[in-house]
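A short write-up of the structure that comes next.
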Amino acid sequence: MAKTTKSFLALMRGGNLGVPLVILCILAMVILPLPPALLDILFTFNIVLAVMVLLVAVLFMPPINDVHRWINIKGLPTVQVGEIAKFSIVLLLATLFEQNRSRMRNFRQGILLPGVLLLPMLVLLRLEP
């Protein structure tokens with residue numbers, strides 16, 4: 001048996017199913033035919049989730065000029081996560097408005113849903129000093 005197969009089986013026996021499940025989900029997204037609207041939603045929420053992880057990570061980075069706004073990794077240029085978050089906010093709102101176009105006159109679909117989805121990201125942006 002190959003070394004990778006043994007390590008995969010050991011990972012499965014150890015109860016750490018996160019990595020194999022992520023791999024299966026990625027393969028399912030590639031293989032299964034999904035409607036374009038569902039792909040838009042999935043890609044958008046993946047980008048937003050990644051930006052939220054970066055916003056949390058930036059809080060633990062060493063300060064540059066007494067602020068925690070940049071991710072500084074040696075050998076790479078510094079990245080200001082707030083700028084990436086602005087793009088993901090626009091992308092999230094555009095996707096929500098496109099998917100709920102017929103229900104936008106409703107307060108819950110037009111204002112409350114986007115507000116609730118944006119609230120965690122806005123809180124993380126506000127926590128940056």
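So you can find residues: chains in the structure tokens are A, B, ... in the order shown, residues in each start at 1, and ligands are numbered from 1 in order.
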- Message: Can you pull out every residue from segment 42-98 of chain A that DSSP, working from the backbone, puts in strand (DSSP E or B), and format the result as a list in words?
- Response: Ile64, Val67, Trp70, Ile71, Val79 and Gln80 of chain A
Could you give me, as JSON lines, a per-residue list for segment 15-97 of chain A showing, wherever an atom lies at most 12 Å from an atom of segment 106-110 of chain A, the closest pair of atoms and their distance in Å to one decimal, using only C-alpha atoms and sorting by chain then residue number from low to high?
```
{"residue": "A:Leu93", "atom": "CA", "partner": "A:Gly110", "partner_atom": "CA", "distance": 10.3}
{"residue": "A:Ala94", "atom": "CA", "partner": "A:Gly110", "partner_atom": "CA", "distance": 11.9}
{"residue": "A:Leu96", "atom": "CA", "partner": "A:Gly110", "partner_atom": "CA", "distance": 8.9}
{"residue": "A:Phe97", "atom": "CA", "partner": "A:Gly110", "partner_atom": "CA", "distance": 7.7}
```
Give me, please, the distance in Å between atom CA of Leu17 of chain A and atom CA of Ala50 of chain A, quoted to one decimal.
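One can read the atom CA of Leu17 of chain A to atom CA of Ala50 of chain A distance as 20.3 Å.
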Set the distance at 12 Å and use only C-alpha atoms: which residues neighbour Ile26 of chain A once local chain neighbours fewer than 6 positions away are removed? I'd like the list as a PyMOL selection string. chain A and resi 19-20+32+42-43+46
**OP:** Tell me which protein, DNA and RNA residues are within 10 Å of segment 52-65 of chain A, counting only C-alpha atoms, leaving out same-chain ones fewer than 2 positions away, and put them as an MDAnalysis selection string.
**Re:** chainID A and resid 46:50 67:73 79:82 84:85 88 120:125 127:129
Output N, CA and C atoms for every residue in the selection just made, as a PDB file, in the first residue's frame.
```
ATOM      1  N   ASN A  46     -17.864  31.387  -0.381  1.00  0.00           N
ATOM      2  CA  ASN A  46     -16.496  30.929  -0.141  1.00  0.00           C
ATOM      3  C   ASN A  46     -15.530  32.099  -0.046  1.00  0.00           C
ATOM      4  N   ILE A  47     -15.687  33.085  -0.920  1.00  0.00           N
ATOM      5  CA  ILE A  47     -14.824  34.264  -0.872  1.00  0.00           C
ATOM      6  C   ILE A  47     -15.056  35.038   0.413  1.00  0.00           C
ATOM      7  N   VAL A  48     -16.328  35.215   0.787  1.00  0.00           N
ATOM      8  CA  VAL A  48     -16.638  35.947   2.015  1.00  0.00           C
ATOM      9  C   VAL A  48     -16.083  35.213   3.231  1.00  0.00           C
ATOM     10  N   LEU A  49     -16.219  33.900   3.262  1.00  0.00           N
ATOM     11  CA  LEU A  49     -15.686  33.130   4.378  1.00  0.00           C
ATOM     12  C   LEU A  49     -14.166  33.246   4.456  1.00  0.00           C
ATOM     13  N   ALA A  50     -13.494  33.192   3.324  1.00  0.00           N
ATOM     14  CA  ALA A  50     -12.035  33.333   3.309  1.00  0.00           C
ATOM     15  C   ALA A  50     -11.617  34.718   3.808  1.00  0.00           C
ATOM     16  N   VAL A  67      -0.885  49.600  14.278  1.00  0.00           N
ATOM     17  CA  VAL A  67      -2.199  49.130  13.839  1.00  0.00           C
ATOM     18  C   VAL A  67      -2.084  47.698  13.324  1.00  0.00           C
ATOM     19  N   HIS A  68      -3.171  46.960  13.437  1.00  0.00           N
ATOM     20  CA  HIS A  68      -3.238  45.564  12.981  1.00  0.00           C
ATOM     21  C   HIS A  68      -4.106  45.493  11.725  1.00  0.00           C
ATOM     22  N   ARG A  69      -3.677  46.059  10.640  1.00  0.00           N
ATOM     23  CA  ARG A  69      -4.486  46.041   9.419  1.00  0.00           C
ATOM     24  C   ARG A  69      -3.840  45.261   8.293  1.00  0.00           C
ATOM     25  N   TRP A  70      -2.588  44.921   8.436  1.00  0.00           N
ATOM     26  CA  TRP A  70      -1.870  44.273   7.357  1.00  0.00           C
ATOM     27  C   TRP A  70      -1.463  42.870   7.760  1.00  0.00           C
ATOM     28  N   ILE A  71      -1.461  41.984   6.772  1.00  0.00           N
ATOM     29  CA  ILE A  71      -0.879  40.664   6.955  1.00  0.00           C
ATOM     30  C   ILE A  71       0.517  40.742   6.363  1.00  0.00           C
ATOM     31  N   ASN A  72       1.503  40.522   7.212  1.00  0.00           N
ATOM     32  CA  ASN A  72       2.892  40.650   6.811  1.00  0.00           C
ATOM     33  C   ASN A  72       3.559  39.292   6.934  1.00  0.00           C
ATOM     34  N   ILE A  73       3.840  38.671   5.814  1.00  0.00           N
ATOM     35  CA  ILE A  73       4.524  37.386   5.775  1.00  0.00           C
ATOM     36  C   ILE A  73       5.883  37.625   5.133  1.00  0.00           C
ATOM     37  N   VAL A  79      -0.333  42.707   2.826  1.00  0.00           N
ATOM     38  CA  VAL A  79      -1.683  42.730   2.273  1.00  0.00           C
ATOM     39  C   VAL A  79      -2.598  43.387   3.291  1.00  0.00           C
ATOM     40  N   GLN A  80      -3.347  44.388   2.859  1.00  0.00           N
ATOM     41  CA  GLN A  80      -4.332  45.011   3.732  1.00  0.00           C
ATOM     42  C   GLN A  80      -5.671  44.326   3.484  1.00  0.00           C
ATOM     43  N   VAL A  81      -6.124  43.579   4.478  1.00  0.00           N
ATOM     44  CA  VAL A  81      -7.302  42.736   4.323  1.00  0.00           C
ATOM     45  C   VAL A  81      -8.575  43.565   4.161  1.00  0.00           C
ATOM     46  N   GLY A  82      -8.609  44.752   4.713  1.00  0.00           N
ATOM     47  CA  GLY A  82      -9.785  45.603   4.582  1.00  0.00           C
ATOM     48  C   GLY A  82     -10.127  45.909   3.133  1.00  0.00           C
ATOM     49  N   ILE A  84      -9.520  43.902   0.560  1.00  0.00           N
ATOM     50  CA  ILE A  84     -10.109  42.676   0.007  1.00  0.00           C
ATOM     51  C   ILE A  84     -11.544  42.530   0.508  1.00  0.00           C
ATOM     52  N   ALA A  85     -11.786  42.929   1.757  1.00  0.00           N
ATOM     53  CA  ALA A  85     -13.126  42.834   2.332  1.00  0.00           C
ATOM     54  C   ALA A  85     -14.106  43.739   1.587  1.00  0.00           C
ATOM     55  N   SER A  88     -15.275  41.879  -1.405  1.00  0.00           N
ATOM     56  CA  SER A  88     -16.174  40.768  -1.081  1.00  0.00           C
ATOM     57  C   SER A  88     -17.542  41.269  -0.620  1.00  0.00           C
ATOM     58  N   PRO A 120     -21.229  40.269  10.671  1.00  0.00           N
ATOM     59  CA  PRO A 120     -19.954  39.753  11.197  1.00  0.00           C
ATOM     60  C   PRO A 120     -18.732  40.371  10.528  1.00  0.00           C
ATOM     61  N   MET A 121     -18.807  40.583   9.216  1.00  0.00           N
ATOM     62  CA  MET A 121     -17.672  41.173   8.522  1.00  0.00           C
ATOM     63  C   MET A 121     -17.474  42.632   8.941  1.00  0.00           C
ATOM     64  N   LEU A 122     -18.559  43.348   9.099  1.00  0.00           N
ATOM     65  CA  LEU A 122     -18.443  44.749   9.518  1.00  0.00           C
ATOM     66  C   LEU A 122     -17.909  44.860  10.932  1.00  0.00           C
ATOM     67  N   VAL A 123     -18.294  43.942  11.811  1.00  0.00           N
ATOM     68  CA  VAL A 123     -17.768  43.938  13.180  1.00  0.00           C
ATOM     69  C   VAL A 123     -16.259  43.673  13.159  1.00  0.00           C
ATOM     70  N   LEU A 124     -15.835  42.691  12.352  1.00  0.00           N
ATOM     71  CA  LEU A 124     -14.399  42.400  12.264  1.00  0.00           C
ATOM     72  C   LEU A 124     -13.617  43.582  11.673  1.00  0.00           C
ATOM     73  N   LEU A 125     -14.213  44.266  10.706  1.00  0.00           N
ATOM     74  CA  LEU A 125     -13.551  45.454  10.157  1.00  0.00           C
ATOM     75  C   LEU A 125     -13.442  46.554  11.201  1.00  0.00           C
ATOM     76  N   LEU A 127     -13.164  46.097  14.404  1.00  0.00           N
ATOM     77  CA  LEU A 127     -12.207  45.718  15.442  1.00  0.00           C
ATOM     78  C   LEU A 127     -10.776  46.055  15.065  1.00  0.00           C
ATOM     79  N   GLU A 128     -10.518  46.257  13.782  1.00  0.00           N
ATOM     80  CA  GLU A 128      -9.164  46.656  13.382  1.00  0.00           C
ATOM     81  C   GLU A 128      -8.894  48.050  13.908  1.00  0.00           C
ATOM     82  N   PRO A 129      -7.796  48.208  14.680  1.00  0.00           N
ATOM     83  CA  PRO A 129      -7.496  49.570  15.204  1.00  0.00           C
ATOM     84  C   PRO A 129      -6.947  50.475  14.117  1.00  0.00           C
TER      85      PRO A 129
END
```
Discussion item. Which residues are close to Ala37 of chain A, i.e. within 10 Å by only C-alpha atoms, leaving aside same-chain residues fewer than 5 positions away? Reply as a ChimeraX atom specification.
Written reply: /A:42,95,98-99
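Each of A:Pro114, A:Leu119, A:Asp66, A:Leu24 was checked against Leu92 of chain A using only C-alpha atoms; the smallest atom-to-atom distance is that of A:Pro114.
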Test item, alpha helix (DSSP H) assignment across segment 33-109 of chain A, answer as a short mmCIF file (atom, residue, chain, number, x, y, z; two decimals) with C-alpha atoms, in the first residue's frame:
```cif
data_model
loop_
_atom_site.label_atom_id
_atom_site.label_comp_id
_atom_site.auth_asym_id
_atom_site.auth_seq_id
_atom_site.Cartn_x
_atom_site.Cartn_y
_atom_site.Cartn_z
CA PRO A 36 -25.16 28.65 -12.39
CA ALA A 37 -27.16 30.41 -9.66
CA LEU A 38 -26.01 27.87 -7.07
CA LEU A 39 -22.41 28.18 -8.26
CA ASP A 40 -22.63 31.98 -7.88
CA ILE A 41 -23.86 31.61 -4.31
CA LEU A 42 -21.25 29.00 -3.40
CA PHE A 43 -18.34 30.95 -4.86
CA THR A 44 -19.48 34.18 -3.25
CA PHE A 45 -19.87 32.68 0.20
CA ASN A 46 -16.50 30.93 -0.14
CA ILE A 47 -14.82 34.26 -0.87
CA VAL A 48 -16.64 35.95 2.02
CA LEU A 49 -15.69 33.13 4.38
CA ALA A 50 -12.04 33.33 3.31
CA VAL A 51 -12.02 37.10 3.87
CA MET A 52 -13.55 36.65 7.32
CA VAL A 53 -10.79 34.16 8.21
CA LEU A 54 -8.23 36.73 7.04
CA LEU A 55 -9.94 39.46 9.09
CA VAL A 56 -9.64 37.29 12.19
CA ALA A 57 -6.01 36.42 11.36
CA VAL A 58 -5.06 40.08 10.96
CA VAL A 81 -7.30 42.74 4.32
CA GLY A 82 -9.78 45.60 4.58
CA GLU A 83 -9.35 46.30 0.87
CA ILE A 84 -10.11 42.68 0.01
CA ALA A 85 -13.13 42.83 2.33
CA LYS A 86 -14.55 45.78 0.39
CA PHE A 87 -14.52 43.73 -2.79
CA SER A 88 -16.17 40.77 -1.08
CA ILE A 89 -18.90 43.01 0.40
CA VAL A 90 -19.77 44.30 -3.07
CA LEU A 91 -19.73 40.76 -4.45
CA LEU A 92 -21.95 39.45 -1.63
CA LEU A 93 -24.49 42.26 -2.03
CA ALA A 94 -24.58 41.88 -5.81
CA THR A 95 -25.18 38.14 -5.49
CA LEU A 96 -27.90 38.58 -2.87
CA PHE A 97 -29.65 41.27 -4.90
CA GLU A 98 -29.49 39.18 -8.06
CA GLN A 99 -30.83 36.03 -6.38
CA PHE A 107 -38.06 44.22 4.26
#
```
